[in-house]
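Source file: final-v1.cif (mmCIF, C-alpha atoms)
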```cif
data_upload
loop_
_atom_site.group_PDB
_atom_site.id
_atom_site.type_symbol
_atom_site.label_atom_id
_atom_site.label_comp_id
_atom_site.auth_asym_id
_atom_site.auth_seq_id
_atom_site.Cartn_x
_atom_site.Cartn_y
_atom_site.Cartn_z
ATOM 1 C CA SER A 705 -66.434 -5.536 13.690
ATOM 2 C CA ASN A 706 -65.333 -2.060 12.620
ATOM 3 C CA TRP A 707 -63.879 -1.484 16.098
ATOM 4 C CA ASP A 708 -61.780 -4.644 15.908
ATOM 5 C CA ARG A 709 -60.483 -3.741 12.452
ATOM 6 C CA ALA A 710 -59.651 -0.213 13.610
ATOM 7 C CA ARG A 711 -57.886 -1.532 16.704
ATOM 8 C CA SER A 712 -55.920 -4.040 14.624
ATOM 9 C CA SER A 713 -54.903 -1.299 12.198
ATOM 10 C CA MET A 714 -53.840 0.962 15.055
ATOM 11 C CA THR A 715 -51.816 -1.855 16.609
ATOM 12 C CA ARG A 716 -49.968 -2.472 13.326
ATOM 13 C CA ARG A 717 -49.217 1.234 12.992
ATOM 14 C CA CYS A 718 -47.928 1.435 16.569
ATOM 15 C CA ARG A 719 -45.687 -1.562 15.965
ATOM 16 C CA SER A 720 -44.375 0.030 12.774
ATOM 17 C CA ILE A 721 -43.623 3.263 14.608
ATOM 18 C CA LEU A 722 -41.889 1.448 17.490
ATOM 19 C CA THR A 723 -39.851 -0.615 15.026
ATOM 20 C CA ALA A 724 -38.790 2.528 13.174
ATOM 21 C CA VAL A 725 -37.782 4.177 16.465
ATOM 22 C CA ALA A 726 -35.820 1.073 17.530
ATOM 23 C CA VAL A 727 -33.999 0.979 14.177
ATOM 24 C CA ALA A 728 -33.206 4.693 14.439
ATOM 25 C CA VAL A 729 -31.849 4.294 17.973
ATOM 26 C CA ALA A 730 -29.807 1.249 16.975
ATOM 27 C CA SER A 731 -28.336 3.014 13.960
ATOM 28 C CA ARG A 732 -27.511 6.050 16.087
ATOM 29 C CA PHE A 733 -25.946 4.334 19.080
ATOM 30 C CA CYS A 734 -24.748 0.960 17.836
ATOM 31 C CA ARG A 735 -22.767 2.066 14.801
ATOM 32 C CA ARG A 736 -19.030 2.001 15.339
ATOM 33 C CA ASP A 737 -16.840 4.769 13.931
ATOM 34 C CA ASN A 738 -13.374 6.207 14.537
ATOM 35 C CA ASN A 739 -14.668 8.695 17.090
ATOM 36 C CA ARG A 740 -16.580 6.056 19.031
ATOM 37 C CA PRO A 741 -14.484 2.881 19.430
ATOM 38 C CA LEU A 742 -17.124 1.463 21.794
ATOM 39 C CA THR A 743 -20.739 1.532 20.643
ATOM 40 C CA PHE A 744 -23.627 1.991 23.038
ATOM 41 C CA LEU A 745 -24.572 -1.639 22.413
ATOM 42 C CA ALA A 746 -21.084 -2.800 23.365
ATOM 43 C CA VAL A 747 -21.213 -0.817 26.614
ATOM 44 C CA LEU A 748 -24.658 -2.249 27.342
ATOM 45 C CA VAL A 749 -23.369 -5.803 26.818
ATOM 46 C CA LEU A 750 -20.411 -5.183 29.140
ATOM 47 C CA ASN A 751 -22.788 -4.055 31.869
ATOM 48 C CA LEU A 752 -25.066 -7.009 31.225
ATOM 49 C CA VAL A 753 -22.126 -9.377 31.684
ATOM 50 C CA GLY A 754 -20.826 -7.617 34.803
ATOM 51 C CA SER A 755 -24.160 -7.446 36.593
ATOM 52 C CA SER A 756 -25.101 -11.020 35.606
ATOM 53 C CA VAL A 757 -23.308 -12.307 38.721
ATOM 54 C CA GLY A 758 -26.631 -11.556 40.388
ATOM 55 C CA PHE A 759 -27.917 -14.855 39.020
ATOM 56 C CA HIS A 760 -25.430 -16.534 41.354
ATOM 57 C CA SER A 761 -26.697 -14.545 44.333
ATOM 58 C CA PHE A 762 -29.664 -12.177 44.023
ATOM 59 C CA LEU A 763 -28.213 -9.308 46.087
ATOM 60 C CA TYR A 764 -25.085 -9.396 43.935
ATOM 61 C CA PHE A 765 -27.073 -7.451 41.337
ATOM 62 C CA ILE A 766 -26.703 -4.354 43.532
ATOM 63 C CA SER A 767 -23.345 -5.086 45.129
ATOM 64 C CA VAL A 768 -20.698 -7.250 43.438
ATOM 65 C CA GLY A 769 -22.499 -6.907 40.096
ATOM 66 C CA TYR A 770 -22.554 -3.140 40.500
ATOM 67 C CA ALA A 771 -18.778 -3.040 40.888
ATOM 68 C CA ALA A 772 -18.149 -5.687 38.226
ATOM 69 C CA ALA A 773 -20.212 -3.825 35.623
ATOM 70 C CA VAL A 774 -18.403 -0.548 36.291
ATOM 71 C CA GLY A 775 -15.032 -2.297 36.289
ATOM 72 C CA LEU A 776 -15.578 -4.118 32.991
ATOM 73 C CA THR A 777 -16.823 -0.959 31.297
ATOM 74 C CA SER A 778 -13.958 1.179 32.637
ATOM 75 C CA ALA A 779 -11.328 -1.338 31.546
ATOM 76 C CA ALA A 780 -12.865 -1.657 28.073
ATOM 77 C CA VAL A 781 -13.084 2.135 27.668
ATOM 78 C CA LEU A 782 -9.436 2.576 28.641
ATOM 79 C CA LEU A 783 -8.240 -0.146 26.257
ATOM 80 C CA ALA A 784 -10.439 0.796 23.308
ATOM 81 C CA TYR A 785 -9.892 4.533 23.329
ATOM 82 C CA ASN A 786 -6.166 4.447 24.092
ATOM 83 C CA ASN A 787 -5.523 1.856 21.367
ATOM 84 C CA LEU A 788 -7.623 3.537 18.676
ATOM 85 C CA SER A 789 -7.002 7.209 19.427
ATOM 86 C CA PRO A 790 -4.967 9.012 16.727
ATOM 87 C CA HIS A 791 -3.011 10.805 19.466
ATOM 88 C CA PRO A 792 -2.150 10.144 23.135
ATOM 89 C CA ILE A 793 -5.082 10.450 25.533
ATOM 90 C CA PRO A 794 -4.431 13.219 28.130
ATOM 91 C CA LEU A 795 -3.405 12.047 31.600
ATOM 92 C CA LEU A 796 -6.427 13.560 33.358
ATOM 93 C CA THR A 797 -8.799 11.949 30.859
ATOM 94 C CA ASN A 798 -7.289 8.539 31.552
ATOM 95 C CA LEU A 799 -7.325 9.189 35.299
ATOM 96 C CA HIS A 800 -11.037 10.044 35.106
ATOM 97 C CA THR A 801 -11.695 6.458 33.944
ATOM 98 C CA ILE A 802 -8.914 4.737 35.903
ATOM 99 C CA LEU A 803 -10.472 5.878 39.182
ATOM 100 C CA PRO A 804 -13.803 4.039 38.547
ATOM 101 C CA LEU A 805 -11.771 0.949 37.647
ATOM 102 C CA LEU A 806 -9.861 1.164 40.948
ATOM 103 C CA TRP A 807 -13.119 1.904 42.767
ATOM 104 C CA SER A 808 -14.703 -1.264 41.339
ATOM 105 C CA ILE A 809 -11.730 -3.498 42.194
ATOM 106 C CA ARG A 810 -11.663 -2.205 45.763
ATOM 107 C CA LEU A 811 -15.401 -2.683 46.218
ATOM 108 C CA ILE A 812 -15.394 -6.248 44.874
ATOM 109 C CA LEU A 813 -12.511 -7.240 47.139
ATOM 110 C CA PHE A 814 -14.155 -5.646 50.174
ATOM 111 C CA LEU A 815 -17.576 -7.207 49.532
ATOM 112 C CA LEU A 816 -16.114 -10.697 49.126
ATOM 113 C CA TYR A 817 -13.871 -10.243 52.171
ATOM 114 C CA ARG A 818 -16.866 -9.152 54.254
ATOM 115 C CA GLU A 819 -19.047 -12.023 53.058
ATOM 116 C CA TYR A 820 -16.591 -14.898 53.400
ATOM 117 C CA LEU A 821 -14.129 -13.777 56.088
ATOM 118 C CA ASN A 822 -15.320 -10.826 58.146
ATOM 119 C CA TRP A 823 -19.035 -11.698 58.403
ATOM 120 C CA PRO A 824 -19.861 -15.319 57.407
ATOM 121 C CA GLN A 825 -23.421 -14.898 58.689
ATOM 122 C CA TRP A 826 -24.001 -12.428 55.880
ATOM 123 C CA HIS A 827 -23.163 -15.173 53.376
ATOM 124 C CA ASP A 828 -25.897 -17.331 54.896
ATOM 125 C CA LYS A 829 -28.326 -14.413 54.574
ATOM 126 C CA LEU A 830 -27.432 -13.976 50.905
ATOM 127 C CA ILE A 831 -28.138 -17.650 50.257
ATOM 128 C CA GLU A 832 -31.518 -17.338 51.951
ATOM 129 C CA VAL A 833 -32.483 -14.272 49.905
ATOM 130 C CA ASN A 834 -31.343 -15.919 46.677
ATOM 131 C CA GLN A 835 -33.452 -19.010 47.352
ATOM 132 C CA ARG A 836 -36.564 -16.841 47.780
ATOM 133 C CA ALA A 837 -35.955 -14.768 44.635
ATOM 134 C CA LYS A 838 -37.893 -15.809 41.528
ATOM 135 C CA MET A 839 -36.257 -15.966 38.109
ATOM 136 C CA GLN A 840 -38.672 -13.340 36.777
ATOM 137 C CA SER A 841 -37.570 -10.944 39.512
ATOM 138 C CA LYS A 842 -33.935 -11.630 38.725
ATOM 139 C CA PHE A 843 -34.378 -10.775 35.051
ATOM 140 C CA SER A 844 -36.277 -7.605 35.918
ATOM 141 C CA VAL A 845 -33.608 -6.415 38.362
ATOM 142 C CA TRP A 846 -30.851 -7.439 35.923
ATOM 143 C CA MET A 847 -32.276 -5.265 33.139
ATOM 144 C CA SER A 848 -32.882 -2.301 35.443
ATOM 145 C CA CYS A 849 -29.415 -2.469 36.969
ATOM 146 C CA THR A 850 -27.783 -2.830 33.549
ATOM 147 C CA LEU A 851 -29.388 0.373 32.278
ATOM 148 C CA PHE A 852 -28.486 2.200 35.485
ATOM 149 C CA TYR A 853 -24.857 1.058 35.471
ATOM 150 C CA THR A 854 -24.548 1.966 31.799
ATOM 151 C CA CYS A 855 -25.726 5.504 32.558
ATOM 152 C CA ILE A 856 -23.300 6.090 35.429
ATOM 153 C CA SER A 857 -20.422 5.067 33.150
ATOM 154 C CA THR A 858 -21.310 7.524 30.383
ATOM 155 C CA PRO A 859 -19.325 10.517 31.776
ATOM 156 C CA CYS A 860 -16.081 8.561 31.302
ATOM 157 C CA ILE A 861 -17.089 7.463 27.811
ATOM 158 C CA TYR A 862 -18.087 10.972 26.723
ATOM 159 C CA ARG A 863 -14.865 12.447 28.104
ATOM 160 C CA MET A 864 -12.818 9.882 26.180
ATOM 161 C CA GLN A 865 -14.884 10.522 23.051
ATOM 162 C CA HIS A 866 -14.336 14.260 23.400
ATOM 163 C CA SER A 867 -10.599 13.678 23.699
ATOM 164 C CA ILE A 868 -10.155 11.705 20.479
ATOM 165 C CA THR A 869 -12.301 14.062 18.395
ATOM 166 C CA THR A 870 -9.475 16.592 18.611
ATOM 167 C CA THR A 871 -8.114 16.921 15.089
ATOM 168 C CA ALA A 872 -4.731 15.457 14.264
ATOM 169 C CA ALA A 873 -3.411 18.921 13.395
ATOM 170 C CA ALA A 874 -4.547 20.383 16.702
ATOM 171 C CA ALA A 875 -3.111 17.422 18.568
ATOM 172 C CA ALA A 876 0.216 17.815 16.810
ATOM 173 C CA ALA A 877 0.318 21.515 17.650
ATOM 174 C CA ALA A 878 -0.682 21.022 21.257
ATOM 175 C CA SER A 879 1.473 19.572 23.979
ATOM 176 C CA ARG A 880 0.134 16.937 26.308
ATOM 177 C CA GLN A 881 0.162 19.519 29.084
ATOM 178 C CA ASN A 882 -2.045 21.816 27.010
ATOM 179 C CA LEU A 883 -4.499 18.985 26.428
ATOM 180 C CA ASN A 884 -4.661 18.450 30.191
ATOM 181 C CA ASN A 885 -5.271 22.172 30.670
ATOM 182 C CA GLN A 886 -8.448 21.840 28.589
ATOM 183 C CA TRP A 887 -10.058 20.204 31.600
ATOM 184 C CA GLY A 888 -10.625 23.532 33.338
ATOM 185 C CA VAL A 889 -11.434 24.159 37.001
ATOM 186 C CA LEU A 890 -14.700 22.200 37.034
ATOM 187 C CA GLY A 891 -13.069 19.121 35.527
ATOM 188 C CA CYS A 892 -10.219 19.225 38.036
ATOM 189 C CA VAL A 893 -12.741 19.591 40.868
ATOM 190 C CA GLY A 894 -14.429 16.465 39.531
ATOM 191 C CA ILE A 895 -11.174 14.486 39.654
ATOM 192 C CA ALA A 896 -10.530 15.743 43.211
ATOM 193 C CA LEU A 897 -14.030 14.656 44.302
ATOM 194 C CA GLN A 898 -13.478 11.219 42.771
ATOM 195 C CA ILE A 899 -10.304 10.790 44.821
ATOM 196 C CA ILE A 900 -11.910 12.127 48.014
ATOM 197 C CA GLY A 901 -14.928 9.884 47.504
ATOM 198 C CA VAL A 902 -13.048 6.638 46.957
ATOM 199 C CA VAL A 903 -10.658 7.363 49.854
ATOM 200 C CA THR A 904 -13.559 8.178 52.186
ATOM 201 C CA GLU A 905 -15.421 5.020 51.196
ATOM 202 C CA THR A 906 -12.319 2.859 51.591
ATOM 203 C CA ILE A 907 -11.450 4.226 55.044
ATOM 204 C CA ALA A 908 -15.057 3.965 56.259
ATOM 205 C CA ASP A 909 -15.429 0.341 55.130
ATOM 206 C CA ALA A 910 -12.079 -0.614 56.689
ATOM 207 C CA GLN A 911 -12.920 1.071 59.998
ATOM 208 C CA LYS A 912 -16.315 -0.581 60.294
ATOM 209 C CA ALA A 913 -14.992 -4.009 59.289
ATOM 210 C CA SER A 914 -12.261 -3.727 61.919
ATOM 211 C CA PHE A 915 -14.730 -2.621 64.590
ATOM 212 C CA LYS A 916 -17.212 -5.393 63.829
ATOM 213 C CA ALA A 917 -14.458 -8.041 63.810
ATOM 214 C CA ALA A 918 -13.518 -7.253 67.408
ATOM 215 C CA PRO A 919 -14.957 -9.705 69.978
ATOM 216 C CA GLY A 920 -18.381 -8.625 71.208
ATOM 217 C CA ASN A 921 -18.814 -5.837 68.650
ATOM 218 C CA ARG A 922 -20.848 -7.597 65.963
ATOM 219 C CA ASN A 923 -24.175 -6.245 67.264
ATOM 220 C CA LYS A 924 -22.868 -2.901 68.489
ATOM 221 C CA TRP A 925 -23.067 0.463 66.754
ATOM 222 C CA CYS A 926 -19.779 1.431 65.082
ATOM 223 C CA HIS A 927 -18.755 4.759 66.612
ATOM 224 C CA THR A 928 -15.057 4.977 65.742
ATOM 225 C CA GLY A 929 -13.174 6.911 63.070
ATOM 226 C CA LEU A 930 -15.366 8.500 60.401
ATOM 227 C CA TRP A 931 -18.404 6.825 61.931
ATOM 228 C CA LYS A 932 -18.178 9.248 64.875
ATOM 229 C CA TYR A 933 -19.163 12.070 62.528
ATOM 230 C CA SER A 934 -21.543 10.427 60.049
ATOM 231 C CA THR A 935 -24.028 7.586 60.204
ATOM 232 C CA HIS A 936 -23.146 6.446 56.675
ATOM 233 C CA PRO A 937 -19.689 7.742 55.650
ATOM 234 C CA ASN A 938 -19.261 4.902 53.161
ATOM 235 C CA TYR A 939 -22.392 5.939 51.268
ATOM 236 C CA LEU A 940 -21.336 9.569 51.513
ATOM 237 C CA GLY A 941 -18.061 8.637 49.833
ATOM 238 C CA ASP A 942 -19.968 6.812 47.093
ATOM 239 C CA VAL A 943 -22.130 9.855 46.298
ATOM 240 C CA VAL A 944 -19.090 12.173 46.307
ATOM 241 C CA PHE A 945 -17.244 9.795 43.985
ATOM 242 C CA TRP A 946 -20.025 9.665 41.377
ATOM 243 C CA MET A 947 -20.643 13.394 41.680
ATOM 244 C CA GLY A 948 -16.966 13.887 40.820
ATOM 245 C CA THR A 949 -17.247 11.467 37.891
ATOM 246 C CA TYR A 950 -20.236 13.423 36.570
ATOM 247 C CA LEU A 951 -18.496 16.796 36.930
ATOM 248 C CA GLY A 952 -15.327 15.431 35.354
ATOM 249 C CA GLY A 953 -17.223 14.557 32.190
ATOM 250 C CA MET A 954 -19.494 17.616 32.117
ATOM 251 C CA ALA A 955 -17.450 19.612 29.593
ATOM 252 C CA SER A 956 -17.871 16.767 27.077
ATOM 253 C CA TYR A 957 -21.682 16.576 27.168
ATOM 254 C CA LYS A 958 -22.667 18.005 23.773
ATOM 255 C CA THR A 959 -26.146 16.644 23.080
ATOM 256 C CA VAL A 960 -29.431 16.339 24.945
ATOM 257 C CA THR A 961 -28.998 12.559 24.932
ATOM 258 C CA GLN A 962 -25.592 12.773 26.576
ATOM 259 C CA TRP A 963 -26.819 15.180 29.239
ATOM 260 C CA THR A 964 -29.858 12.992 29.878
ATOM 261 C CA LEU A 965 -27.985 9.689 30.241
ATOM 262 C CA ALA A 966 -25.215 11.132 32.431
ATOM 263 C CA SER A 967 -27.688 13.034 34.626
ATOM 264 C CA PHE A 968 -29.936 9.997 34.964
ATOM 265 C CA GLY A 969 -26.964 7.990 36.209
ATOM 266 C CA LEU A 970 -26.064 10.540 38.883
ATOM 267 C CA LEU A 971 -29.700 10.977 39.913
ATOM 268 C CA GLY A 972 -30.021 7.201 40.186
ATOM 269 C CA VAL A 973 -27.031 7.035 42.544
ATOM 270 C CA ILE A 974 -28.516 9.733 44.784
ATOM 271 C CA VAL A 975 -31.968 8.110 44.875
ATOM 272 C CA VAL A 976 -30.608 4.605 45.543
ATOM 273 C CA ILE A 977 -28.286 5.830 48.311
ATOM 274 C CA LYS A 978 -31.098 7.845 49.899
ATOM 275 C CA GLN A 979 -33.401 4.822 49.950
ATOM 276 C CA ALA A 980 -30.630 2.579 51.275
ATOM 277 C CA THR A 981 -29.772 4.935 54.146
ATOM 278 C CA GLU A 982 -33.429 5.361 55.107
ATOM 279 C CA HIS A 983 -33.883 1.583 55.227
ATOM 280 C CA LEU A 984 -30.696 1.139 57.243
ATOM 281 C CA ASP A 985 -31.754 3.852 59.689
ATOM 282 C CA GLU A 986 -34.969 1.945 60.401
ATOM 283 C CA THR A 987 -33.309 -1.433 60.883
ATOM 284 C CA GLN A 988 -30.448 0.034 62.909
ATOM 285 C CA HIS A 989 -32.899 1.822 65.182
ATOM 286 C CA ILE A 990 -34.442 -1.540 66.013
ATOM 287 C CA LEU A 991 -31.093 -3.315 66.411
ATOM 288 C CA TYR A 992 -29.174 -0.717 68.405
ATOM 289 C CA SER A 993 -32.053 0.306 70.650
ATOM 290 C CA ARG A 994 -31.253 -2.907 72.523
ATOM 291 C CA ASN A 995 -27.870 -1.465 73.391
ATOM 292 C CA THR A 996 -27.940 1.731 75.467
ATOM 293 C CA GLN A 997 -24.589 3.101 74.311
ATOM 294 C CA GLY A 998 -25.125 2.209 70.687
ATOM 295 C CA PHE A 999 -28.677 3.552 70.641
ATOM 296 C CA GLY A 1000 -27.639 6.812 72.276
ATOM 297 C CA GLU A 1001 -24.916 7.432 69.732
ATOM 298 C CA PHE A 1002 -27.291 6.493 66.942
ATOM 299 C CA ARG A 1003 -29.844 9.041 68.168
ATOM 300 C CA GLU A 1004 -27.196 11.767 68.413
ATOM 301 C CA ARG A 1005 -26.712 11.476 64.683
#
```
Write the structure described by the file as structure tokens, please.
Amino acid sequence: SNWDRARSSMTRRCRSILTAVAVAVASRFCRRDNNRPLTFLAVLVLNLVGSSVGFHSFLYFISVGYAAAVGLTSAAVLLAYNNLSPHPIPLLTNLHTILPLLWSIRLILFLLYREYLNWPQWHDKLIEVNQRAKMQSKFSVWMSCTLFYTCISTPCIYRMQHSITTTAAAAAAASRQNLNNQWGVLGCVGIALQIIGVVTETIADAQKASFKAAPGNRNKWCHTGLWKYSTHPNYLGDVVFWMGTYLGGMASYKTVTQWTLASFGLLGVIVVIKQATEHLDETQHILYSRNTQGFGEFRER
């Protein structure tokens, strides 16, 4: 019928348009040049590989895979840009990417320590969840997490990119100290927040792990150290860290695409952490209401 022919024609046109858009995006982001040692496609693949550990255990997509994806990307960015840059990368620019690498290593070690040594019951829970997860769900979560982890890594990539676009003449005329001074107050604040965030997260995780490892404390509310002042200091540290990473790269965002990807990454962190804390508050209310002291301290927060 005429309607079928019209619909078929419209479908072919839509496919042609989508193909043209895909080719344009690929040519824009996947082409390697001297100012972009790592293409967008390469970064995407690194995050795909890092987060793929979720196929071993479903919840790894949002835990170990999260850290592995960030770690692989950070290491690749450091190696690629420092090796191919026509002049030395400024210290603060390297530090901006080194900190996510250290953050990822710390998180992986802590998560594995908690699962296999500090809390073996959690390992059993992970196995149970993984057995219930369908392959279709795993692929869906894998793709979503890969895009998210790619976005949160973009501030480091854009800052590195901005650094090597400095002309050879300008680099020769400028001292390394002057290049570091180009960071400005906002960039330095970003670095400081990264350090504060990772230190806060590290201390909070260590304090809770130590408390829970003590005899009789596994099902009690942790109320020592930073946990006396915040219900989720580890998550607070995570948000502060990624806020610092975003601010550290802000001066290098030059296009709408760069602003969009970097902002989407930070927004994703905030949304995910908010949802995680709300879910934990509900489950902890049920768990710690059985313990008068723990429930009282939980309510005070």
Inset, instruction - Can you turn the PyMOL selection byres ((chain A and resi 963) around 12) into a concrete residue list for this file, as a list in words? - result: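 For this structure, the PyMOL selection byres ((chain A and resi 963) around 12) captures Cys855, Ile856, Thr858, Pro859, Tyr862, Tyr950, Leu951, Gly953, Met954, Ala955, Ser956, Tyr957, Lys958, Thr959, Val960, Thr961, Gln962, Thr964, Leu965, Ala966, Ser967, Phe968, Gly969, Leu970 and Leu971 of chain A.
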So that all listed atoms of region 940-953 of chain A fit with 3 Å spare on each side, what axis-aligned box centre and edge lengths in Å, to one decimal, would you give as lines of an AutoDock Vina configuration file?
```
center_x = -18.7
center_y = 11.8
center_z = 41.9
size_x = 12.8
size_y = 16.0
size_z = 25.3
```
Inset, instruction - Name every residue that the PyMOL selection byres ((chain A and resi 833-846) around 8) selects in this structure, writing the answer as a VMD selection string with chains first and numbers rising. - result: chain A and resid 752 755 to 756 758 to 763 765 829 to 832 847 to 850
With C-alpha atoms kept, could you save the residues just selected as an mmCIF file, in the coordinates of the input?
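Dumped everything to selection-v5.cif:
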```cif
data_model
loop_
_atom_site.group_PDB
_atom_site.id
_atom_site.type_symbol
_atom_site.label_atom_id
_atom_site.label_comp_id
_atom_site.auth_asym_id
_atom_site.auth_seq_id
_atom_site.Cartn_x
_atom_site.Cartn_y
_atom_site.Cartn_z
ATOM 1 C CA LEU A 752 -25.066 -7.009 31.225
ATOM 2 C CA SER A 755 -24.160 -7.446 36.593
ATOM 3 C CA SER A 756 -25.101 -11.020 35.606
ATOM 4 C CA GLY A 758 -26.631 -11.556 40.388
ATOM 5 C CA PHE A 759 -27.917 -14.855 39.020
ATOM 6 C CA HIS A 760 -25.430 -16.534 41.354
ATOM 7 C CA SER A 761 -26.697 -14.545 44.333
ATOM 8 C CA PHE A 762 -29.664 -12.177 44.023
ATOM 9 C CA LEU A 763 -28.213 -9.308 46.087
ATOM 10 C CA PHE A 765 -27.073 -7.451 41.337
ATOM 11 C CA LYS A 829 -28.326 -14.413 54.574
ATOM 12 C CA LEU A 830 -27.432 -13.976 50.905
ATOM 13 C CA ILE A 831 -28.138 -17.650 50.257
ATOM 14 C CA GLU A 832 -31.518 -17.338 51.951
ATOM 15 C CA MET A 847 -32.276 -5.265 33.139
ATOM 16 C CA SER A 848 -32.882 -2.301 35.443
ATOM 17 C CA CYS A 849 -29.415 -2.469 36.969
ATOM 18 C CA THR A 850 -27.783 -2.830 33.549
#
```
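Note that the spacing between CA of Phe945 (chain A) and CA of Pro824 (chain A) amounts to 28.6 Å.
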Inset, instruction - Using the chain letters and residue numbers of this document, give as number ranges by chain the residues selected by the PyMOL selection byres ((chain A and resi 772) around 9). - result: A: 751, 753-755, 757, 767-771, 773-777, 808-809, 811-812
Legend entry - A:Met864, A:Ile900, A:Thr854, A:Val749 ranked by distance to Asn786 (chain A), top pick (using all atoms listed in the file):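 Distance minimum relative to Asn786 (chain A) lands on A:Met864.
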Legend entry - Selection: 10 Å around Asn822 (chain A), all atoms listed in the file, excl. self and same-chain fewer than 4 positions, as a list in words: Phe814, Leu815, Leu816, Tyr817, Arg818, Trp826, Ala913, Ser914, Lys916 and Ala917 of chain A
Inset, instruction - Would you list the residues near (-7.1, 5.8, 19.3), meaning any protein, DNA or RNA residue with an atom at most 10 Å from that point in file coordinates, counting only C-alpha atoms, as a ChimeraX atom specification? - result: /A:738-741,783-793,864-865,867-869
Could those selected residues go to a file with C-alpha atoms, as a PDB file, keeping the file's coordinate frame?
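Result saved to out18.pdb:
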```pdb
ATOM      1  CA  ASN A 738     -13.374   6.207  14.537  1.00  0.00           C
ATOM      2  CA  ASN A 739     -14.668   8.695  17.090  1.00  0.00           C
ATOM      3  CA  ARG A 740     -16.580   6.056  19.031  1.00  0.00           C
ATOM      4  CA  PRO A 741     -14.484   2.881  19.430  1.00  0.00           C
ATOM      5  CA  LEU A 783      -8.240  -0.146  26.257  1.00  0.00           C
ATOM      6  CA  ALA A 784     -10.439   0.796  23.308  1.00  0.00           C
ATOM      7  CA  TYR A 785      -9.892   4.533  23.329  1.00  0.00           C
ATOM      8  CA  ASN A 786      -6.166   4.447  24.092  1.00  0.00           C
ATOM      9  CA  ASN A 787      -5.523   1.856  21.367  1.00  0.00           C
ATOM     10  CA  LEU A 788      -7.623   3.537  18.676  1.00  0.00           C
ATOM     11  CA  SER A 789      -7.002   7.209  19.427  1.00  0.00           C
ATOM     12  CA  PRO A 790      -4.967   9.012  16.727  1.00  0.00           C
ATOM     13  CA  HIS A 791      -3.011  10.805  19.466  1.00  0.00           C
ATOM     14  CA  PRO A 792      -2.150  10.144  23.135  1.00  0.00           C
ATOM     15  CA  ILE A 793      -5.082  10.450  25.533  1.00  0.00           C
ATOM     16  CA  MET A 864     -12.818   9.882  26.180  1.00  0.00           C
ATOM     17  CA  GLN A 865     -14.884  10.522  23.051  1.00  0.00           C
ATOM     18  CA  SER A 867     -10.599  13.678  23.699  1.00  0.00           C
ATOM     19  CA  ILE A 868     -10.155  11.705  20.479  1.00  0.00           C
ATOM     20  CA  THR A 869     -12.301  14.062  18.395  1.00  0.00           C
TER      21      THR A 869
END
```
Inset, instruction - In Å, rounded to a single decimal, give me how far CA of Gly972 (chain A) is from CA of Gly952 (chain A). - result: 17.5 Å
Legend entry - Residue contacts of Gln898 (chain A) (8 Å, all atoms listed in the file) excluding same-chain residues fewer than 2 positions away, as a PyMOL selection string: chain A and resi 803+894-896+900-902+944-949
Inset, instruction - Could you jot down the CA of His827 (chain A) to CA of Val903 (chain A) separation for me, Å, one decimal place? - result: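 Between these atoms lies a distance of 26.0 Å.
Among the candidates A:Tyr939, A:Trp887, A:Tyr853, A:Trp823, the residue lying nearest to Arg922 (chain A) is A:Trp823 (atoms considered: all atoms listed in the file).
Minimum atom-to-atom distances from A:Val943, A:Ala910, A:Val976, A:Val747 to Leu930 (chain A) were compared using all atoms listed in the file, and the lowest value belongs to A:Ala910.
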